[in-house]
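Chemist: Dumping the structure here so I can ask a few things about it.
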Amino acid sequence: MAAPSITRFHARAVALLTALVLFISAPFASAVPLARDPDIEHALRKMAAPILNAAGLGDSVKILLVNDERLNAFVVDHSHIFINTGMLMRMTSPEMLQSVIAHEAAHIANGHITRRMANLDSARSASGLGLALALAAAAASGRGDVGAAVALGTQNSALRQFLAHTRAEEASADQSSVRYMAAAGIDPIGAVQVQQIFAGQELLNVSRQDPYMRSHPLTRDRLRAMQGFVTAYSGKSRKQPELEYWYDRARSKATAFLRPTKWTFQRADESTTEDIRHMRLSVAYHRQQNAAKALSHINQAIALRPKDAYYYELKGQILLENRQFQNAVKAYRTSANLAPRNALILGGLGRALLTVNRPKEALTYLEKARSLDFRDAKVLRDLGSAYAQTGQHGLASLATAERYALANRLKDADIHARRALARLPKGSSAARRAEDIVSAAERVQKRK
């Protein structure tokens, strides 16, 4: 890290990131392939809220979706819970998904992550975690506490070792998660149902086990203990129709984009509400490049929920990807007016404005999107384009460097960060961000 920027980090974050750099000795894992969708993230946020409040975490934890159809969920810091698309699509009730969130929240609340970091010297192979990206991302955001989460690869054996929980931690998290669900009025039976999915996997070859099983070892004793916890808290739940709606909507949208379109057409009528049915059909027709039917169905969904920012965002995406740029701007603008602090929506509006040659106006939304959420590589790409089109070439190079850093391509990030430094005012906040990337790249090179 360049000295001028260290003072911007919380002391704990600095210690964490410094410790991680000290153990860099292996090739970096690929960055986590996040599946960023404002509609799905909104639904996950609503389902997680009662759990996180019961755990005393409030809104300090963000739920992010990983584009991986294998069953997995994990935490790597105190600010994020990662859930695979496969886990979201496999669950059959909001309670099951909430139990996964509750379990991961318990690992945070019970201090398991803090202890793991404190004992990092016992896991040198965790150096394959893409840690240079963590440094660059933290520098780019000004928040060292969130940087580490972005970079972690999901295929690396070192990562599995780093994420693996002990039996004591699992027992603690199980008991706490059931307590959180009961306190939030959520039926904890979902926790047992999730564990039953993985029952028997300990008998499989490791290569055939789901990643969740490898990082969260399950035993018959643990399942029996969980059943006991659930029995002790039975009778304290209540219906949650609003969350059932958002769960079905999130799962339906994920499957509409990720499953074969034939699968979606066959199951669209199973949707819990008519607007969700239209949304699913809209996505399926869009994937078949039938813009007319896609727009017809999303318009019917909007007619049923005229103040829904996320349906307008989907309409904007369909229009943009079908080169109806002016109409896309209108749809995204409506969406942004309804959700003015949603970074993904603001980024979409900025992207649409670039297509109609309005880079100066696009910058307003893209810069705000980046300030709210630095994880979106598309925003960084569009920022680079908007800066270049408005003659701000130093900032364009910096945005490109940050985008490469998020992709864990530190060599390319270093090249563009140095170009940025040659053009940015010395000592400016932008120059310090570029210095951080250069410093991170140099540290990586020295360790090779």
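So you can find residues: chains in the structure tokens are A, B, ... in the order shown, residues in each start at 1, and ligands are numbered from 1 in order.
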Within 10 Å of Asp37 (chain A), counting only C-alpha atoms, which residues qualify if same-chain residues fewer than 4 places away don't, as a ChimeraX atom specification?
Modeler: /A:41-42,64-65,250,253-254,310,313-314,344-345
Chemist: From the list A:Asp248, A:Asp382, A:Asp59, A:Asp436, which residue is nearest Leu410 (chain A) when using only C-alpha atoms?
Modeler: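 Ranked by minimum distance to Leu410 (chain A), first place goes to A:Asp436.
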Chemist: Calculated over only C-alpha atoms, which of the candidates A:Arg419, A:His80, A:Arg45, A:Lys293 has the smallest distance to Leu97 (chain A)?
Modeler: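 Looking at the shortest contact to Leu97 (chain A), the residue is A:Arg45.
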Chemist: How far is it from CA of Trp263 (chain A) to CA of Ile101 (chain A), in Å with one decimal?
Modeler: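 According to the coordinates, CA of Trp263 (chain A) and CA of Ile101 (chain A) are separated by 27.3 Å.
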Chemist: Would you mind telling me which residue in A:Leu44, A:Met96, A:Val61, A:Leu258 lies nearest to Met181 (chain A) when using only C-alpha atoms?
Modeler: A:Met96
Chemist: For Ala301 (chain A), please output as a ChimeraX atom specification all residues within 8 Å (counting only C-alpha atoms; exclusion window: fewer than 5 positions along the same chain).
Modeler: /A:274-276,278-279,311
Chemist: Would you save the residues from that selection as a short mmCIF file (atom, residue, chain, number, x, y, z; two decimals), in the first residue's frame, using N, CA, C and O atoms?
Modeler:
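The resulting out-v6.cif:
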```cif
data_model
loop_
_atom_site.label_atom_id
_atom_site.label_comp_id
_atom_site.auth_asym_id
_atom_site.auth_seq_id
_atom_site.Cartn_x
_atom_site.Cartn_y
_atom_site.Cartn_z
N GLU A 274 -49.26 -13.05 -10.64
CA GLU A 274 -49.31 -12.83 -12.08
C GLU A 274 -48.14 -11.98 -12.57
O GLU A 274 -47.62 -12.19 -13.67
N ASP A 275 -47.72 -11.01 -11.77
CA ASP A 275 -46.61 -10.17 -12.23
C ASP A 275 -45.31 -10.97 -12.34
O ASP A 275 -44.51 -10.76 -13.27
N ILE A 276 -45.10 -11.91 -11.42
CA ILE A 276 -43.90 -12.75 -11.50
C ILE A 276 -43.97 -13.64 -12.74
O ILE A 276 -42.96 -13.86 -13.42
N HIS A 278 -45.39 -12.92 -15.58
CA HIS A 278 -45.05 -12.09 -16.74
C HIS A 278 -43.55 -11.78 -16.77
O HIS A 278 -42.93 -11.75 -17.84
N MET A 279 -42.96 -11.55 -15.61
CA MET A 279 -41.52 -11.28 -15.56
C MET A 279 -40.72 -12.47 -16.10
O MET A 279 -39.79 -12.33 -16.89
N TYR A 311 -38.85 -3.69 -12.12
CA TYR A 311 -39.43 -4.08 -13.40
C TYR A 311 -39.06 -3.06 -14.48
O TYR A 311 -38.83 -3.43 -15.64
#
```
Chemist: List as a count of residues only the protein and nucleic acid residues near region 353-355 of chain A, meaning an atom at most 9 Å away when only C-alpha atoms are counted, but skip any in the same chain fewer than 3 places from it.
Modeler: 18
Chemist: Quick one: pull the distance between CA of Lys315 (chain A) and CA of Ile81 (chain A), Å, one decimal.
Modeler: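 One can read the CA of Lys315 (chain A) to CA of Ile81 (chain A) distance as 28.5 Å.
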Chemist: Would you please work out which residue, of A:Thr92, A:Gln288, A:Asn110, A:Ser99, is nearest to His78 (chain A) when using only C-alpha atoms?
Modeler: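 The shortest atom-to-atom distance to His78 (chain A) comes from A:Asn110.
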Chemist: Tell me, as a PyMOL selection string, which residues lie within 7 Å of region 217-231 of chain A, counting only C-alpha atoms; anything in the same chain fewer than 5 positions away does not count.
Modeler: chain A and resi 171+174-175+178+188-189+192+195
Chemist: Any idea what the distance is between CA of Thr390 (chain A) and CA of Leu366 (chain A)?
Modeler: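 These atoms are spaced 13.4 Å apart.
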Chemist: Based on the backbone DSSP call, show me all residues of region 380-410 of chain A assigned alpha helix (DSSP H), as a list in words.
Modeler: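 Those residues are Leu380, Arg381, Asp382, Leu383, Gly384, Ser385, Ala386, Tyr387, Ala388, Gln389, His393, Gly394, Leu395, Ala396, Ser397, Leu398, Ala399, Thr400, Ala401, Glu402, Arg403, Tyr404, Ala405, Leu406 and Leu410 of chain A.
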